[in-house]
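Student: The structure under discussion is supplied below as structure tokens; questions concerning it will follow.
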There are 2 protein chains.
Amino acid sequence: MMRIAIFGTGLLGTSVGLALRAAGFKGSIVGWNRSRGQAETALAMGAIDSIGADAIATAKASQVVLLAVPIFATLDLMEQLALVLGPEHLLTDVGSTKAQITESAGRLFNTPDRAAFLPGHPMAGKERGGANLGDANLFRGAVWLFTDNPLWERSPQSADLAKIWREWVIGMGARTIDLGPQRHDELVAWVSHLPQFTATALSALLESEVGDAPELKHVGGRALREMTRLGASPWSVWRDIAHTNTDAIAAALQALEQSLAHIRENLRTPELRDEFEKANRFRRE
Amino acid sequence: MMRIAIFGTGLLGTSVGLALRAAGFKGSIVGWNRSRGQAETALAMGAIDSIGADAIATAKASQVVLLAVPIFATLDLMEQLALVLGPEHLLTDVGSTKAQITESAGRLFNTPDRAAFLPGHPMAGKERGGANLGDANLFRGAVWLFTDNPLWERSPQSADLAKIWREWVIGMGARTIDLGPQRHDELVAWVSHLPQFTATALSALLESEVGDAPELKHVGGRALREMTRLGASPWSVWRDIAHTNTDAIAAALQALEQSLAHIRENLRTPELRDEFEKANRFRRE
């Protein structure tokens, strides 16, 4: 019977706990969180069985440690835990950028005498965080990306744990895809980070333009609501993403600026049709 | 008992017919459509009772004529119908830009010896058109804008019809707001046209970047689906909008380009927090 520690009982950590239980996980789940309030909420919701008082002791007492905290906190915990965990442990994470985390995983873990680290990234979330929004179905139908390295040499124990963790991810309803960390960060810059920063830019702009006339926001209807939903996303999460995937995000943003300028310059020319047709194709396939 | 003609039995026209029936409208509803197939679908769905063969004769035989066709077609029909309808008729429309239509309404209609024209714009729709997507609840909770002119002098008959039409709009579940046509076009440039062209630009860009790897689109999840849903919108509708609200749309697009560039240049500075906080405020109010 396995013991899993969830570090960070916010939206993702709490959802993993609930999803594991829903998938039939019978082992123990201990939660650790920097602020105790979120851990207590996760406990009350049944996402965890107990709250770990000390991070190091909690990790040591578990076979699998899931880091579900922002990226810089993940990198900090990796440094700390590498010193105290051994080849009988697996660490994994949910961070939205993978180049730095995977680099640290290769440097600090994944030799036969150390703990294993399996870098992961579930493509699921909500525009607001918090344990109280935890959802056992959050990962159902979602893609869970891994940026594992086939050259890493793990202890048989931790290699088994990595296999078992992948099975639980599928049990939670997700589909797993493996890709390299650089390719991961480029891809998510397009399909995840660009949509987020676009929604932020659009929402911030509209706050300046129509924010003083709140009744006019309702005029926009569903289209406006959808296009600005991610405007509610917290800076605290996206700061770390912006810092650890800066070049790819900047390239994607610049490409969108050019795409918007192209439309702006062609509002009355047949080029507009070409842009609509290209957009239609993206939605058709 | 009133007779209503719906010109254009696409998504909006068909939805109005269904919504009128759902709201208890007992009069007759006759549909007219350039291509007969859409009218037959609307008839089969119960959105209209009969199909008018001739546009002019259909309009003449009705008290209220709803124009639910693209903007340039609306402007053409206004020219044709002004010659044959009299003060016992009301025309109204659903066009997404209102400056040109309201100007034509003042020039061609709205004197005591002519038909009245009440310019309208329901803020509701779907990313795909067609009678088969017609929905009796499409206008429930939506805003229906009017750009009426208090200086217009209507016949008592057509003035009554305008009041009755407003009541049916509320009966369909919408909330009406009156504003001037210039203000309307500026406002919808921000809250409706900008979100649409942003989704088109984003979808077209992603088609170029990841369109050759369709499995990767699923990686994006709900955020990507929402931010590109409007990418499916048809050029045939948006061409007329782009042509009749060019300056306001261009100004909004340019402002968004600048907002994106500002974020791009500040991915690692505290300015990023300010943008997220402004965006958060837009969603909070």
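Each chain in the structure tokens gets a letter, A, B and so on, in the order shown; residues start at 1 in every chain, and ligands are counted from 1 in the order they appear.
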Enumerate as a ChimeraX atom specification all residues of segment 38-125 of chain A assigned to strand (DSSP E or B) by DSSP on the backbone, naming them with the chain letters and numbers the document uses.

Tutor: /A:50-51,64-67,90-93,116-118,120-122

Student: Take the residues just selected and output them with N, CA and C atoms as a CSV table (one decimal), in the first residue's frame.

Tutor:
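File selection-v1.csv, as written:
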chain,number,residue,atom,x,y,z
A,50,SER,N,-4.3,13.4,6.1
A,50,SER,CA,-3.7,14.0,7.3
A,50,SER,C,-2.8,15.2,6.7
A,51,ILE,N,-2.4,16.0,7.7
A,51,ILE,CA,-1.6,17.2,7.3
A,51,ILE,C,-0.2,16.9,7.9
A,64,VAL,N,5.9,8.4,-2.9
A,64,VAL,CA,5.7,9.3,-4.0
A,64,VAL,C,5.4,10.7,-3.4
A,65,VAL,N,6.2,11.7,-3.8
A,65,VAL,CA,6.0,13.1,-3.4
A,65,VAL,C,5.6,13.9,-4.7
A,66,LEU,N,4.4,14.4,-4.6
A,66,LEU,CA,3.9,15.3,-5.7
A,66,LEU,C,4.1,16.7,-5.3
A,67,LEU,N,4.9,17.5,-6.1
A,67,LEU,CA,5.1,18.9,-5.9
A,67,LEU,C,4.0,19.7,-6.7
A,90,LEU,N,10.1,8.5,-5.2
A,90,LEU,CA,9.8,9.2,-6.5
A,90,LEU,C,9.2,10.6,-6.2
A,91,LEU,N,9.8,11.6,-6.9
A,91,LEU,CA,9.2,12.9,-6.9
A,91,LEU,C,8.6,13.1,-8.3
A,92,THR,N,7.5,13.9,-8.3
A,92,THR,CA,7.0,14.3,-9.6
A,92,THR,C,6.3,15.7,-9.3
A,93,ASP,N,6.0,16.4,-10.4
A,93,ASP,CA,5.5,17.7,-10.2
A,93,ASP,C,4.4,18.0,-11.2
A,116,ALA,N,14.2,9.4,-7.7
A,116,ALA,CA,13.8,9.7,-9.1
A,116,ALA,C,13.0,10.9,-9.1
A,117,PHE,N,13.0,11.6,-10.2
A,117,PHE,CA,12.1,12.8,-10.4
A,117,PHE,C,11.5,12.7,-11.8
A,118,LEU,N,10.2,12.6,-11.9
A,118,LEU,CA,9.5,12.5,-13.1
A,118,LEU,C,8.8,13.8,-13.4
A,120,GLY,N,6.3,16.4,-14.7
A,120,GLY,CA,5.0,16.2,-15.3
A,120,GLY,C,4.3,17.6,-15.4
A,121,HIS,N,3.2,17.6,-16.2
A,121,HIS,CA,2.5,18.8,-16.4
A,121,HIS,C,1.0,18.5,-16.9
A,122,PRO,N,0.1,18.5,-15.9
A,122,PRO,CA,-1.3,18.3,-16.4
A,122,PRO,C,-1.9,19.5,-17.0

Student: As number ranges by chain, please: the residues near segment 199-216 of chain B (cut-off 9 Å, only C-alpha atoms, same-chain neighbours under 6 positions excluded).

Tutor: A: 187, 190-191, 194-195, 198, 227, 255-257, 259-260, 262-263, 275-283, 285; B: 227-233

Student: Would you output that residue set with N, CA and C atoms, as a PDB file, in the first residue's frame?

Tutor:
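Writing done, so here's part.pdb:
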ATOM      1  N   LEU A 187       5.843  24.376 -27.198  1.00  0.00           N
ATOM      2  CA  LEU A 187       4.454  24.028 -27.503  1.00  0.00           C
ATOM      3  C   LEU A 187       3.478  24.732 -26.562  1.00  0.00           C
ATOM      4  N   TRP A 190       2.668  28.312 -27.164  1.00  0.00           N
ATOM      5  CA  TRP A 190       1.621  28.559 -28.169  1.00  0.00           C
ATOM      6  C   TRP A 190       0.234  28.220 -27.668  1.00  0.00           C
ATOM      7  N   VAL A 191       0.063  27.019 -27.102  1.00  0.00           N
ATOM      8  CA  VAL A 191      -1.309  26.549 -26.857  1.00  0.00           C
ATOM      9  C   VAL A 191      -1.824  26.864 -25.456  1.00  0.00           C
ATOM     10  N   LEU A 194       0.269  31.644 -24.540  1.00  0.00           N
ATOM     11  CA  LEU A 194      -0.228  32.717 -25.420  1.00  0.00           C
ATOM     12  C   LEU A 194      -1.714  33.000 -25.166  1.00  0.00           C
ATOM     13  N   PRO A 195      -2.589  31.971 -25.120  1.00  0.00           N
ATOM     14  CA  PRO A 195      -3.986  32.266 -24.786  1.00  0.00           C
ATOM     15  C   PRO A 195      -4.139  32.989 -23.442  1.00  0.00           C
ATOM     16  N   THR A 198      -2.932  36.620 -23.789  1.00  0.00           N
ATOM     17  CA  THR A 198      -3.890  37.335 -24.647  1.00  0.00           C
ATOM     18  C   THR A 198      -5.128  37.726 -23.847  1.00  0.00           C
ATOM     19  N   MET A 227     -13.693  35.129 -23.752  1.00  0.00           N
ATOM     20  CA  MET A 227     -12.392  35.663 -24.163  1.00  0.00           C
ATOM     21  C   MET A 227     -11.657  36.359 -23.017  1.00  0.00           C
ATOM     22  N   ALA A 255       4.340  37.317 -32.489  1.00  0.00           N
ATOM     23  CA  ALA A 255       3.648  36.773 -33.667  1.00  0.00           C
ATOM     24  C   ALA A 255       2.164  37.159 -33.650  1.00  0.00           C
ATOM     25  N   LEU A 256       1.553  37.164 -32.469  1.00  0.00           N
ATOM     26  CA  LEU A 256       0.136  37.556 -32.402  1.00  0.00           C
ATOM     27  C   LEU A 256      -0.032  39.047 -32.678  1.00  0.00           C
ATOM     28  N   GLU A 257       0.884  39.854 -32.182  1.00  0.00           N
ATOM     29  CA  GLU A 257       0.825  41.291 -32.505  1.00  0.00           C
ATOM     30  C   GLU A 257       0.836  41.481 -34.020  1.00  0.00           C
ATOM     31  N   SER A 259      -0.058  39.286 -36.292  1.00  0.00           N
ATOM     32  CA  SER A 259      -1.290  38.732 -36.851  1.00  0.00           C
ATOM     33  C   SER A 259      -2.447  39.727 -36.700  1.00  0.00           C
ATOM     34  N   LEU A 260      -2.513  40.393 -35.551  1.00  0.00           N
ATOM     35  CA  LEU A 260      -3.554  41.409 -35.329  1.00  0.00           C
ATOM     36  C   LEU A 260      -3.339  42.613 -36.245  1.00  0.00           C
ATOM     37  N   HIS A 262      -1.922  42.600 -39.128  1.00  0.00           N
ATOM     38  CA  HIS A 262      -2.264  42.176 -40.486  1.00  0.00           C
ATOM     39  C   HIS A 262      -3.780  42.263 -40.703  1.00  0.00           C
ATOM     40  N   ILE A 263      -4.536  41.817 -39.735  1.00  0.00           N
ATOM     41  CA  ILE A 263      -6.001  41.934 -39.833  1.00  0.00           C
ATOM     42  C   ILE A 263      -6.408  43.406 -39.851  1.00  0.00           C
ATOM     43  N   GLU A 275      -7.604  35.139 -43.588  1.00  0.00           N
ATOM     44  CA  GLU A 275      -7.396  34.959 -42.144  1.00  0.00           C
ATOM     45  C   GLU A 275      -8.563  34.193 -41.519  1.00  0.00           C
ATOM     46  N   PHE A 276      -9.784  34.545 -41.913  1.00  0.00           N
ATOM     47  CA  PHE A 276     -10.949  33.821 -41.382  1.00  0.00           C
ATOM     48  C   PHE A 276     -10.904  32.358 -41.809  1.00  0.00           C
ATOM     49  N   GLU A 277     -10.495  32.111 -43.046  1.00  0.00           N
ATOM     50  CA  GLU A 277     -10.463  30.714 -43.514  1.00  0.00           C
ATOM     51  C   GLU A 277      -9.401  29.905 -42.777  1.00  0.00           C
ATOM     52  N   LYS A 278      -8.269  30.541 -42.512  1.00  0.00           N
ATOM     53  CA  LYS A 278      -7.227  29.847 -41.751  1.00  0.00           C
ATOM     54  C   LYS A 278      -7.733  29.546 -40.333  1.00  0.00           C
ATOM     55  N   ALA A 279      -8.391  30.527 -39.727  1.00  0.00           N
ATOM     56  CA  ALA A 279      -8.952  30.342 -38.377  1.00  0.00           C
ATOM     57  C   ALA A 279     -10.026  29.248 -38.388  1.00  0.00           C
ATOM     58  N   ASN A 280     -10.869  29.249 -39.417  1.00  0.00           N
ATOM     59  CA  ASN A 280     -11.907  28.204 -39.545  1.00  0.00           C
ATOM     60  C   ASN A 280     -11.258  26.822 -39.612  1.00  0.00           C
ATOM     61  N   ARG A 281     -10.140  26.714 -40.365  1.00  0.00           N
ATOM     62  CA  ARG A 281      -9.449  25.415 -40.493  1.00  0.00           C
ATOM     63  C   ARG A 281      -8.954  24.930 -39.142  1.00  0.00           C
ATOM     64  N   PHE A 282      -8.425  25.845 -38.327  1.00  0.00           N
ATOM     65  CA  PHE A 282      -7.915  25.454 -37.005  1.00  0.00           C
ATOM     66  C   PHE A 282      -9.015  24.822 -36.165  1.00  0.00           C
ATOM     67  N   ARG A 283     -10.233  25.359 -36.291  1.00  0.00           N
ATOM     68  CA  ARG A 283     -11.340  24.845 -35.487  1.00  0.00           C
ATOM     69  C   ARG A 283     -11.960  23.587 -36.079  1.00  0.00           C
ATOM     70  N   GLU A 285     -10.399  20.937 -37.691  1.00  0.00           N
ATOM     71  CA  GLU A 285      -9.646  19.670 -37.643  1.00  0.00           C
ATOM     72  C   GLU A 285      -9.809  18.940 -36.309  1.00  0.00           C
TER      73      GLU A 285
ATOM     74  N   MET B 227     -10.634  30.237 -26.090  1.00  0.00           N
ATOM     75  CA  MET B 227     -10.008  31.410 -26.711  1.00  0.00           C
ATOM     76  C   MET B 227     -10.040  31.333 -28.235  1.00  0.00           C
ATOM     77  N   THR B 228     -10.317  30.146 -28.791  1.00  0.00           N
ATOM     78  CA  THR B 228     -10.363  30.021 -30.252  1.00  0.00           C
ATOM     79  C   THR B 228     -11.749  29.615 -30.764  1.00  0.00           C
ATOM     80  N   ARG B 229     -12.740  29.487 -29.874  1.00  0.00           N
ATOM     81  CA  ARG B 229     -14.074  29.070 -30.332  1.00  0.00           C
ATOM     82  C   ARG B 229     -14.579  29.964 -31.451  1.00  0.00           C
ATOM     83  N   LEU B 230     -14.411  31.284 -31.276  1.00  0.00           N
ATOM     84  CA  LEU B 230     -14.911  32.228 -32.280  1.00  0.00           C
ATOM     85  C   LEU B 230     -14.086  32.188 -33.567  1.00  0.00           C
ATOM     86  N   GLY B 231     -13.001  31.430 -33.557  1.00  0.00           N
ATOM     87  CA  GLY B 231     -12.243  31.229 -34.801  1.00  0.00           C
ATOM     88  C   GLY B 231     -13.088  30.554 -35.873  1.00  0.00           C
ATOM     89  N   ALA B 232     -14.159  29.895 -35.468  1.00  0.00           N
ATOM     90  CA  ALA B 232     -15.050  29.228 -36.424  1.00  0.00           C
ATOM     91  C   ALA B 232     -16.038  30.197 -37.084  1.00  0.00           C
ATOM     92  N   SER B 233     -16.075  31.434 -36.631  1.00  0.00           N
ATOM     93  CA  SER B 233     -17.049  32.394 -37.175  1.00  0.00           C
ATOM     94  C   SER B 233     -16.823  32.629 -38.662  1.00  0.00           C
TER      95      SER B 233
END

Student: Calculate how many Å separate atom CA of Asp135 of chain B from atom CA of Gly17 of chain B, rounding to one decimal.

Tutor: 9.1 Å

Student: Given only C-alpha atoms as the basis, pick out the residue of A:Thr111, A:Thr9, A:Ser96, A:Gln182 nearest to chain B.

Tutor: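 Among A:Thr111, A:Thr9, A:Ser96, A:Gln182, it is A:Ser96 that comes nearest to chain B.
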
Student: Please, which residues of segment 130-239 of chain B, numbered as in this document, come out helix (DSSP H, G or I) from DSSP, as a VMD selection string?

Tutor: chain B and resid 131 to 133 156 to 171 181 to 210 214 to 232 235 to 239

Student: Restrict the selected residues to C-alpha atoms and save them as a PDB file, in the first residue's frame.

Tutor:
ATOM      1  CA  ALA B 131     -31.350  27.665 -39.270  1.00  0.00           C
ATOM      2  CA  ASN B 132     -30.658  24.217 -37.781  1.00  0.00           C
ATOM      3  CA  LEU B 133     -28.812  25.861 -34.859  1.00  0.00           C
ATOM      4  CA  PRO B 156     -49.278  56.459 -34.611  1.00  0.00           C
ATOM      5  CA  GLN B 157     -49.690  52.957 -36.113  1.00  0.00           C
ATOM      6  CA  SER B 158     -45.996  52.322 -36.653  1.00  0.00           C
ATOM      7  CA  ALA B 159     -45.076  53.972 -33.329  1.00  0.00           C
ATOM      8  CA  ASP B 160     -47.394  51.450 -31.631  1.00  0.00           C
ATOM      9  CA  LEU B 161     -45.734  48.609 -33.529  1.00  0.00           C
ATOM     10  CA  ALA B 162     -42.317  49.787 -32.293  1.00  0.00           C
ATOM     11  CA  LYS B 163     -43.589  49.653 -28.689  1.00  0.00           C
ATOM     12  CA  ILE B 164     -45.062  46.198 -29.250  1.00  0.00           C
ATOM     13  CA  TRP B 165     -41.808  44.925 -30.802  1.00  0.00           C
ATOM     14  CA  ARG B 166     -39.818  46.129 -27.782  1.00  0.00           C
ATOM     15  CA  GLU B 167     -42.238  44.211 -25.557  1.00  0.00           C
ATOM     16  CA  TRP B 168     -41.707  41.024 -27.554  1.00  0.00           C
ATOM     17  CA  VAL B 169     -37.946  41.479 -27.323  1.00  0.00           C
ATOM     18  CA  ILE B 170     -38.298  41.546 -23.533  1.00  0.00           C
ATOM     19  CA  GLY B 171     -40.679  38.589 -23.821  1.00  0.00           C
ATOM     20  CA  PRO B 181     -25.518  54.770 -33.168  1.00  0.00           C
ATOM     21  CA  GLN B 182     -21.983  56.200 -32.921  1.00  0.00           C
ATOM     22  CA  ARG B 183     -21.661  55.199 -29.279  1.00  0.00           C
ATOM     23  CA  HIS B 184     -23.074  51.789 -30.185  1.00  0.00           C
ATOM     24  CA  ASP B 185     -20.475  51.195 -32.860  1.00  0.00           C
ATOM     25  CA  GLU B 186     -17.614  52.306 -30.612  1.00  0.00           C
ATOM     26  CA  LEU B 187     -18.834  50.175 -27.723  1.00  0.00           C
ATOM     27  CA  VAL B 188     -19.322  46.994 -29.745  1.00  0.00           C
ATOM     28  CA  ALA B 189     -15.903  47.508 -31.346  1.00  0.00           C
ATOM     29  CA  TRP B 190     -14.483  46.952 -27.830  1.00  0.00           C
ATOM     30  CA  VAL B 191     -16.781  44.329 -26.345  1.00  0.00           C
ATOM     31  CA  SER B 192     -17.731  42.299 -29.415  1.00  0.00           C
ATOM     32  CA  HIS B 193     -15.669  43.005 -32.534  1.00  0.00           C
ATOM     33  CA  LEU B 194     -12.286  43.087 -30.764  1.00  0.00           C
ATOM     34  CA  PRO B 195     -12.878  39.701 -29.058  1.00  0.00           C
ATOM     35  CA  GLN B 196     -13.913  38.228 -32.437  1.00  0.00           C
ATOM     36  CA  PHE B 197     -10.922  39.498 -34.400  1.00  0.00           C
ATOM     37  CA  THR B 198      -8.625  38.489 -31.539  1.00  0.00           C
ATOM     38  CA  ALA B 199      -9.967  34.935 -31.666  1.00  0.00           C
ATOM     39  CA  THR B 200      -9.595  34.933 -35.454  1.00  0.00           C
ATOM     40  CA  ALA B 201      -5.997  36.203 -35.252  1.00  0.00           C
ATOM     41  CA  LEU B 202      -5.110  33.681 -32.520  1.00  0.00           C
ATOM     42  CA  SER B 203      -6.748  30.754 -34.341  1.00  0.00           C
ATOM     43  CA  ALA B 204      -5.156  31.651 -37.685  1.00  0.00           C
ATOM     44  CA  LEU B 205      -1.742  31.989 -36.024  1.00  0.00           C
ATOM     45  CA  LEU B 206      -2.071  28.646 -34.235  1.00  0.00           C
ATOM     46  CA  GLU B 207      -3.176  27.004 -37.479  1.00  0.00           C
ATOM     47  CA  SER B 208       0.165  28.127 -38.946  1.00  0.00           C
ATOM     48  CA  GLU B 209       2.179  27.085 -35.875  1.00  0.00           C
ATOM     49  CA  VAL B 210       0.634  23.801 -34.732  1.00  0.00           C
ATOM     50  CA  PRO B 214      -3.530  18.169 -34.767  1.00  0.00           C
ATOM     51  CA  GLU B 215      -2.935  15.987 -31.698  1.00  0.00           C
ATOM     52  CA  LEU B 216      -1.124  18.914 -30.082  1.00  0.00           C
ATOM     53  CA  LYS B 217      -4.214  21.122 -30.181  1.00  0.00           C
ATOM     54  CA  HIS B 218      -5.784  18.877 -27.572  1.00  0.00           C
ATOM     55  CA  VAL B 219      -2.906  19.704 -25.272  1.00  0.00           C
ATOM     56  CA  GLY B 220      -4.326  23.205 -24.879  1.00  0.00           C
ATOM     57  CA  GLY B 221      -7.439  22.100 -23.061  1.00  0.00           C
ATOM     58  CA  ARG B 222     -10.360  24.305 -22.109  1.00  0.00           C
ATOM     59  CA  ALA B 223      -8.403  27.580 -22.170  1.00  0.00           C
ATOM     60  CA  LEU B 224      -7.391  27.078 -25.794  1.00  0.00           C
ATOM     61  CA  ARG B 225     -10.836  25.849 -26.839  1.00  0.00           C
ATOM     62  CA  GLU B 226     -12.524  28.913 -25.386  1.00  0.00           C
ATOM     63  CA  MET B 227     -10.008  31.410 -26.711  1.00  0.00           C
ATOM     64  CA  THR B 228     -10.363  30.021 -30.252  1.00  0.00           C
ATOM     65  CA  ARG B 229     -14.074  29.070 -30.332  1.00  0.00           C
ATOM     66  CA  LEU B 230     -14.911  32.228 -32.280  1.00  0.00           C
ATOM     67  CA  GLY B 231     -12.243  31.229 -34.801  1.00  0.00           C
ATOM     68  CA  ALA B 232     -15.050  29.228 -36.424  1.00  0.00           C
ATOM     69  CA  TRP B 235     -16.084  35.614 -42.904  1.00  0.00           C
ATOM     70  CA  SER B 236     -19.366  36.283 -44.745  1.00  0.00           C
ATOM     71  CA  VAL B 237     -20.857  37.866 -41.608  1.00  0.00           C
ATOM     72  CA  TRP B 238     -17.724  39.638 -40.381  1.00  0.00           C
ATOM     73  CA  ARG B 239     -16.777  41.138 -43.739  1.00  0.00           C
TER      74      ARG B 239
END

Student: Just how far from atom CA of Ala124 of chain A is atom CA of Leu75 of chain A, in Å to one decimal?

Tutor: 20.9 Å

Student: Could you check the closest approach to Phe139 of chain B for each of B:Arg36, B:Leu18, B:Lys98, B:Ala42 and tell me which residue wins, using only C-alpha atoms?

Tutor: B:Leu18

Student: Would you list the contacts of Pro112 of chain B as a list in words, taking every protein, DNA or RNA residue within 7 Å and counting only C-alpha atoms, but skipping same-chain residues closer than 2 positions in sequence?

Tutor: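 Everything that qualifies: Pro87, Asn110, Arg114, Glu153, Arg154 and Ser155 of chain B.
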
Student: Mind dumping the selected residues with N, CA and C atoms as a CSV table (one decimal), in the first residue's frame?

Tutor:
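The result, written out as again-v5.csv:
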chain,number,residue,atom,x,y,z
B,87,PRO,N,-47.0,53.8,-43.7
B,87,PRO,CA,-47.0,54.1,-42.2
B,87,PRO,C,-47.7,53.1,-41.4
B,110,ASN,N,-39.3,56.6,-41.1
B,110,ASN,CA,-39.5,57.4,-39.9
B,110,ASN,C,-40.0,58.8,-40.1
B,114,ARG,N,-44.4,57.5,-43.9
B,114,ARG,CA,-43.6,56.3,-44.3
B,114,ARG,C,-43.6,55.2,-43.3
B,153,GLU,N,-40.3,61.2,-36.4
B,153,GLU,CA,-41.8,61.4,-36.3
B,153,GLU,C,-42.5,60.3,-37.0
B,154,ARG,N,-43.0,59.4,-36.2
B,154,ARG,CA,-43.7,58.2,-36.8
B,154,ARG,C,-45.2,58.3,-36.8
B,155,SER,N,-45.8,57.6,-37.7
B,155,SER,CA,-47.3,57.5,-37.7
B,155,SER,C,-47.7,56.8,-36.4

Student: Do a neighbour search on Thr147 of chain B at 6 Å with only C-alpha atoms, toss out local chain neighbours closer than 5 positions, and write the hits as a list of chain:residue names.

Tutor: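 In the requested format, the answer is B:Pro119, B:Asp178, B:Leu179, B:Gly180, B:Pro181.
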
Student: Selected residues, C-alpha atoms, written as a tab-separated table (two decimals), in the first residue's frame, please.

Tutor:
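Okay, out_8.tsv is ready:
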chain	number	residue	atom	x	y	z
B	119	PRO	CA	-32.60	49.79	-35.58
B	178	ASP	CA	-30.97	52.38	-25.93
B	179	LEU	CA	-27.91	54.27	-27.09
B	180	GLY	CA	-26.79	56.45	-30.00
B	181	PRO	CA	-25.52	54.77	-33.17

Student: Can you work out the spacing between atom CA of Ala39 of chain B and atom CA of Phe7 of chain B in Å, to one decimal?

Tutor: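 So the two atoms, atom CA of Ala39 of chain B and atom CA of Phe7 of chain B, lie 9.5 Å apart.
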
Student: So which residues touch Leu43 of chain A within 12 Å, counting only C-alpha atoms, skipping near sequence neighbours fewer than 2 positions away, as a ChimeraX atom specification?

Tutor: /A:6,9-10,13-15,17-18,29-33,36-41,45-52,131-132,134

Student: Just to be explicit: take each residue in the selection above, keep C-alpha atoms, and write the result as a tab-separated table (two decimals), in the first residue's frame.

Tutor:
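Saved to part-v3.tsv:
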chain	number	residue	atom	x	y	z
A	6	ILE	CA	1.02	16.19	-1.88
A	9	THR	CA	-2.87	21.69	-1.49
A	10	GLY	CA	-4.18	24.40	-3.79
A	13	GLY	CA	-2.94	19.36	-5.36
A	14	THR	CA	-6.42	19.05	-3.89
A	15	SER	CA	-7.82	17.91	-7.22
A	17	GLY	CA	-6.05	13.94	-3.99
A	18	LEU	CA	-9.75	13.82	-4.86
A	29	ILE	CA	-2.37	10.72	1.20
A	30	VAL	CA	-0.66	13.28	3.37
A	31	GLY	CA	-0.83	16.96	2.50
A	32	TRP	CA	1.69	19.67	3.22
A	33	ASN	CA	1.09	23.33	2.55
A	36	ARG	CA	-2.18	25.66	6.99
A	37	GLY	CA	-5.62	26.97	5.95
A	38	GLN	CA	-5.51	25.43	2.47
A	39	ALA	CA	-4.35	22.09	3.92
A	40	GLU	CA	-7.28	22.10	6.34
A	41	THR	CA	-9.71	22.75	3.50
A	45	MET	CA	-12.83	17.83	1.46
A	46	GLY	CA	-11.30	14.35	1.77
A	47	ALA	CA	-8.46	15.10	-0.67
A	48	ILE	CA	-5.88	14.21	2.00
A	49	ASP	CA	-6.02	12.02	5.13
A	50	SER	CA	-3.66	14.03	7.27
A	51	ILE	CA	-1.55	17.18	7.32
A	52	GLY	CA	2.21	16.85	7.48
A	131	ALA	CA	-8.31	24.08	-2.37
A	132	ASN	CA	-12.05	24.82	-2.20
A	134	GLY	CA	-10.63	21.19	-6.03
